[in-house]
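To start, the structure itself, in structure tokens.
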Amino acid sequence: MGITAKESKKYTVSEYYALLETENTPTELMEGIIVDMASPNIQHQRISGNLHFALKQHIHSHNGACEVFNAPTDVQLDEYNLVIPDVFIACHPDRFDSQKYNGAPDFVAEVVSTNRSDDFIKKLYLYQRAGVREYWIIDPKAQKTVVYQFEESLFPTIYPFDMPIPVGIYQHSDHPLEITIADLF
């Protein structure tokens, strides 16, 4: 049986990585608690894969300095929080070590699946606290994307899937980018 959020011990990221040597279950570490991750469905993979591709293509075509990554790439937010965002953009190459990105990415997107409260509550709190600049919660069930641009406002903007969403971290650049989630299916 895998390790779960029901355990009471709080782990550091170092302790968590030591445990991973004996476990094969995909997990994240949130507030020191090991949380099992469900396998994503095909719709989830289509959206996250195509979002990754669109962001990567934009960055590459404009010789951008940032890099885009997709799951399963570890992001250590602090000593007790290690998450695996579906898609993230990192603009600080010096924050990578051989295993993970250390610190807050500039942009994070999560595609909601069975872990609704993780994406809408737990990760929202963790990403905002860590200093993520922009957080997208893509909700296939509601056909909406909730976008937080933490440097601009504490309140989100909600976009239906058929409306273009400006990627805030590129909004004031010479090469702004908009993504329509419906185009990612």
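By convention in this document, the chains of the structure tokens carry letters A, B, ... by their order, each chain's residues are numbered from 1, and ligands are numbered from 1 in the order they are shown.
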
Selection near stretch 152-163 of chain A, 10 Å with only C-alpha atoms, sequence-local residues under 4 positions removed, as a ChimeraX atom specification: /A:128,133-140,142-148,168,178-184

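If you count only C-alpha atoms and ignore residues fewer than 5 places along the chain from A:Lys141, what sits within 12 Å of it is Gln43, His44, Val111, Val112, Ser113, Thr114, Arg116, Pro160 and Phe161 of chain A.
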
Based on the selection just made, write N, CA, C and O atoms of those residues as an mmCIF file, in the first residue's frame.
data_model
loop_
_atom_site.group_PDB
_atom_site.id
_atom_site.type_symbol
_atom_site.label_atom_id
_atom_site.label_comp_id
_atom_site.auth_asym_id
_atom_site.auth_seq_id
_atom_site.Cartn_x
_atom_site.Cartn_y
_atom_site.Cartn_z
ATOM 1 N N GLN A 43 -8.583 13.492 -21.709
ATOM 2 C CA GLN A 43 -8.897 14.908 -21.903
ATOM 3 C C GLN A 43 -7.878 15.793 -21.170
ATOM 4 O O GLN A 43 -7.397 16.781 -21.710
ATOM 5 N N HIS A 44 -7.561 15.416 -19.957
ATOM 6 C CA HIS A 44 -6.558 16.135 -19.154
ATOM 7 C C HIS A 44 -5.231 16.173 -19.900
ATOM 8 O O HIS A 44 -4.592 17.227 -20.009
ATOM 9 N N VAL A 111 -4.754 21.380 -14.729
ATOM 10 C CA VAL A 111 -5.990 20.915 -15.340
ATOM 11 C C VAL A 111 -6.706 20.096 -14.271
ATOM 12 O O VAL A 111 -6.167 19.098 -13.788
ATOM 13 N N VAL A 112 -7.902 20.524 -13.922
ATOM 14 C CA VAL A 112 -8.640 19.894 -12.836
ATOM 15 C C VAL A 112 -9.081 18.488 -13.244
ATOM 16 O O VAL A 112 -9.592 18.273 -14.341
ATOM 17 N N SER A 113 -8.850 17.547 -12.336
ATOM 18 C CA SER A 113 -9.375 16.193 -12.537
ATOM 19 C C SER A 113 -10.102 15.810 -11.256
ATOM 20 O O SER A 113 -10.980 16.534 -10.809
ATOM 21 N N THR A 114 -9.712 14.737 -10.628
ATOM 22 C CA THR A 114 -10.415 14.298 -9.419
ATOM 23 C C THR A 114 -10.003 15.080 -8.183
ATOM 24 O O THR A 114 -10.663 15.001 -7.164
ATOM 25 N N ARG A 116 -10.114 18.295 -7.251
ATOM 26 C CA ARG A 116 -10.632 19.667 -7.361
ATOM 27 C C ARG A 116 -10.168 20.565 -6.209
ATOM 28 O O ARG A 116 -9.714 21.679 -6.418
ATOM 29 N N PRO A 160 -14.539 31.507 -20.280
ATOM 30 C CA PRO A 160 -15.089 30.283 -20.881
ATOM 31 C C PRO A 160 -14.056 29.711 -21.860
ATOM 32 O O PRO A 160 -13.177 30.437 -22.344
ATOM 33 N N PHE A 161 -14.160 28.427 -22.144
ATOM 34 C CA PHE A 161 -13.171 27.765 -22.983
ATOM 35 C C PHE A 161 -13.051 28.363 -24.390
ATOM 36 O O PHE A 161 -12.023 28.229 -25.028
#

Every residue of chain A that DSSP places in helix (DSSP H, G or I), as a ChimeraX atom specification: /A:13-20,42-61,93-95,116-130,168-170,181-184

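Atom pair atom CA of A:Gln45 / atom CA of A:Gly64 has a distance of 25.0 Å (rounded to one decimal).
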
Residues of stretch 26-146 of chain A in strand (DSSP E), written as a ChimeraX atom specification: /A:27-30,33-36,67-70,74-78,81-83,87-90,100-102,107-111,134-139,144-146

For A:Pro72: contacts at 9 Å, only C-alpha atoms, fewer than 6 positions along chain excluded, given as a list in words: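 What passes the distance filter is Pro26, Ile84, Pro85 and Asp86 of chain A.
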
Nearby residues (only C-alpha atoms) at most 9 Å from A:Leu55, same-chain spacing under 2 positions excluded, as a list in words: Asn50, Leu51, His52, Phe53, Gln57, His58, Ile59, His60, Glu67, Val68, Ile89, Leu177 and Ile179 of chain A

Take the selection from the previous step and output its residues with all heavy atoms, as a tab-separated table (two decimals), in the first residue's frame.
chain	number	residue	atom	x	y	z
A	50	ASN	N	-1.18	19.98	-25.13
A	50	ASN	CA	-1.30	21.01	-26.15
A	50	ASN	C	-1.00	22.41	-25.60
A	50	ASN	O	-0.47	23.26	-26.32
A	50	ASN	CB	-2.67	20.96	-26.81
A	50	ASN	CG	-2.82	19.74	-27.70
A	50	ASN	OD1	-1.85	19.24	-28.24
A	50	ASN	ND2	-4.03	19.23	-27.82
A	51	LEU	N	-1.32	22.66	-24.32
A	51	LEU	CA	-0.94	23.92	-23.70
A	51	LEU	C	0.59	24.02	-23.62
A	51	LEU	O	1.17	25.06	-23.96
A	51	LEU	CB	-1.56	24.05	-22.30
A	51	LEU	CG	-1.17	25.30	-21.52
A	51	LEU	CD1	-1.58	26.58	-22.25
A	51	LEU	CD2	-1.78	25.25	-20.12
A	52	HIS	N	1.22	22.95	-23.19
A	52	HIS	CA	2.69	22.90	-23.15
A	52	HIS	C	3.27	23.22	-24.52
A	52	HIS	O	4.19	24.04	-24.65
A	52	HIS	CB	3.14	21.52	-22.66
A	52	HIS	CG	4.62	21.32	-22.69
A	52	HIS	ND1	5.25	20.74	-23.76
A	52	HIS	CD2	5.59	21.64	-21.80
A	52	HIS	CE1	6.55	20.70	-23.52
A	52	HIS	NE2	6.78	21.24	-22.35
A	53	PHE	N	2.72	22.58	-25.56
A	53	PHE	CA	3.20	22.79	-26.92
A	53	PHE	C	3.02	24.24	-27.36
A	53	PHE	O	3.95	24.85	-27.92
A	53	PHE	CB	2.47	21.85	-27.89
A	53	PHE	CG	2.89	22.03	-29.32
A	53	PHE	CD1	4.09	21.52	-29.78
A	53	PHE	CD2	2.08	22.72	-30.20
A	53	PHE	CE1	4.49	21.70	-31.10
A	53	PHE	CE2	2.46	22.91	-31.52
A	53	PHE	CZ	3.66	22.40	-31.97
A	57	GLN	N	6.12	26.63	-28.17
A	57	GLN	CA	6.24	27.17	-29.53
A	57	GLN	C	6.37	28.71	-29.48
A	57	GLN	O	7.19	29.28	-30.20
A	57	GLN	CB	5.02	26.75	-30.34
A	57	GLN	CG	5.10	27.05	-31.81
A	57	GLN	CD	3.93	26.46	-32.55
A	57	GLN	OE1	2.80	26.46	-32.07
A	57	GLN	NE2	4.19	25.95	-33.75
A	58	HIS	N	5.59	29.36	-28.64
A	58	HIS	CA	5.65	30.82	-28.52
A	58	HIS	C	7.03	31.26	-28.00
A	58	HIS	O	7.65	32.17	-28.57
A	58	HIS	CB	4.55	31.33	-27.58
A	58	HIS	CG	4.59	32.79	-27.37
A	58	HIS	ND1	4.07	33.70	-28.27
A	58	HIS	CD2	5.10	33.54	-26.36
A	58	HIS	CE1	4.26	34.93	-27.84
A	58	HIS	NE2	4.88	34.86	-26.67
A	59	ILE	N	7.47	30.61	-26.94
A	59	ILE	CA	8.77	30.97	-26.36
A	59	ILE	C	9.90	30.76	-27.37
A	59	ILE	O	10.75	31.62	-27.58
A	59	ILE	CB	9.03	30.17	-25.07
A	59	ILE	CG1	8.05	30.62	-23.98
A	59	ILE	CG2	10.48	30.33	-24.61
A	59	ILE	CD1	8.01	29.70	-22.77
A	60	HIS	N	9.88	29.61	-28.04
A	60	HIS	CA	10.93	29.29	-29.02
A	60	HIS	C	10.91	30.25	-30.21
A	60	HIS	O	11.96	30.73	-30.65
A	60	HIS	CB	10.77	27.85	-29.50
A	60	HIS	CG	11.79	27.44	-30.51
A	60	HIS	ND1	13.11	27.20	-30.19
A	60	HIS	CD2	11.69	27.27	-31.85
A	60	HIS	CE1	13.78	26.88	-31.28
A	60	HIS	NE2	12.94	26.92	-32.30
A	67	GLU	N	11.63	28.74	-19.97
A	67	GLU	CA	11.39	27.37	-20.43
A	67	GLU	C	10.05	26.89	-19.91
A	67	GLU	O	9.63	27.27	-18.82
A	67	GLU	CB	12.46	26.42	-19.88
A	67	GLU	CG	13.82	26.54	-20.52
A	67	GLU	CD	14.75	25.45	-20.01
A	67	GLU	OE1	14.74	24.34	-20.56
A	67	GLU	OE2	15.46	25.74	-19.04
A	68	VAL	N	9.40	26.05	-20.70
A	68	VAL	CA	8.12	25.48	-20.27
A	68	VAL	C	8.33	23.99	-20.01
A	68	VAL	O	9.05	23.31	-20.73
A	68	VAL	CB	7.01	25.73	-21.31
A	68	VAL	CG1	7.31	25.11	-22.65
A	68	VAL	CG2	5.66	25.28	-20.80
A	89	ILE	N	5.98	27.53	-16.44
A	89	ILE	CA	7.02	28.28	-17.13
A	89	ILE	C	8.00	28.77	-16.07
A	89	ILE	O	7.61	29.37	-15.07
A	89	ILE	CB	6.45	29.48	-17.91
A	89	ILE	CG1	5.51	29.01	-19.02
A	89	ILE	CG2	7.58	30.33	-18.50
A	89	ILE	CD1	4.78	30.12	-19.75
A	177	LEU	N	0.82	36.96	-25.91
A	177	LEU	CA	0.28	35.66	-26.28
A	177	LEU	C	-1.11	35.50	-25.69
A	177	LEU	O	-1.35	35.86	-24.53
A	177	LEU	CB	1.20	34.54	-25.73
A	177	LEU	CG	0.72	33.10	-25.85
A	177	LEU	CD1	0.56	32.69	-27.32
A	177	LEU	CD2	1.67	32.16	-25.13
A	179	ILE	N	-4.24	32.40	-25.49
A	179	ILE	CA	-4.54	30.99	-25.72
A	179	ILE	C	-6.02	30.76	-25.51
A	179	ILE	O	-6.59	31.20	-24.49
A	179	ILE	CB	-3.71	30.09	-24.80
A	179	ILE	CG1	-2.23	30.20	-25.19
A	179	ILE	CG2	-4.20	28.64	-24.84
A	179	ILE	CD1	-1.28	29.41	-24.36

Straight-line distance linking atom CA of A:Tyr101 with atom CA of A:Phe185, stated in Å to one decimal: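 Going from atom CA of A:Tyr101 over to atom CA of A:Phe185 covers 28.2 Å.
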
Closest of A:Glu110, A:Ile47, A:Ser98, A:Leu77 to A:Arg129 - atom-to-atom distances counting only C-alpha atoms: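 Distance minimum relative to A:Arg129 lands on A:Leu77.
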
From A:Asn81, A:Ser48, A:Gln76, A:Ser61, residue lying nearest A:Glu31 [only C-alpha atoms]: A:Asn81

Test item: residues at most 9 Å from A:Ser14, only C-alpha atoms, excluding those fewer than 4 positions along its chain, as a list in words: Ala18, Leu19 and Glu79 of chain A

With a distance cut-off of 7 Å and only C-alpha atoms, select the neighbouring residues of A:Pro105, excluding the residue or stretch itself and same-chain residues fewer than 6 positions from it, and output the selection as a JSON list (two decimals) with N, CA, C and O atoms, in the first residue's frame.
[["chain", "number", "residue", "atom", "x", "y", "z"],
["A", 88, "PHE", "N", 4.24, 24.36, -16.37],
["A", 88, "PHE", "CA", 4.75, 25.58, -15.75],
["A", 88, "PHE", "C", 5.83, 26.21, -16.61],
["A", 88, "PHE", "O", 6.47, 25.54, -17.43],
["A", 89, "ILE", "N", 5.98, 27.53, -16.44],
["A", 89, "ILE", "CA", 7.02, 28.28, -17.13],
["A", 89, "ILE", "C", 8.00, 28.77, -16.07],
["A", 89, "ILE", "O", 7.61, 29.37, -15.07],
["A", 90, "ALA", "N", 9.28, 28.51, -16.33],
["A", 90, "ALA", "CA", 10.35, 28.92, -15.42],
["A", 90, "ALA", "C", 11.27, 29.88, -16.16],
["A", 90, "ALA", "O", 11.78, 29.55, -17.23],
["A", 132, "VAL", "N", 4.31, 32.60, -7.15],
["A", 132, "VAL", "CA", 3.96, 32.36, -8.56],
["A", 132, "VAL", "C", 3.28, 33.62, -9.07],
["A", 132, "VAL", "O", 2.42, 34.19, -8.40]]
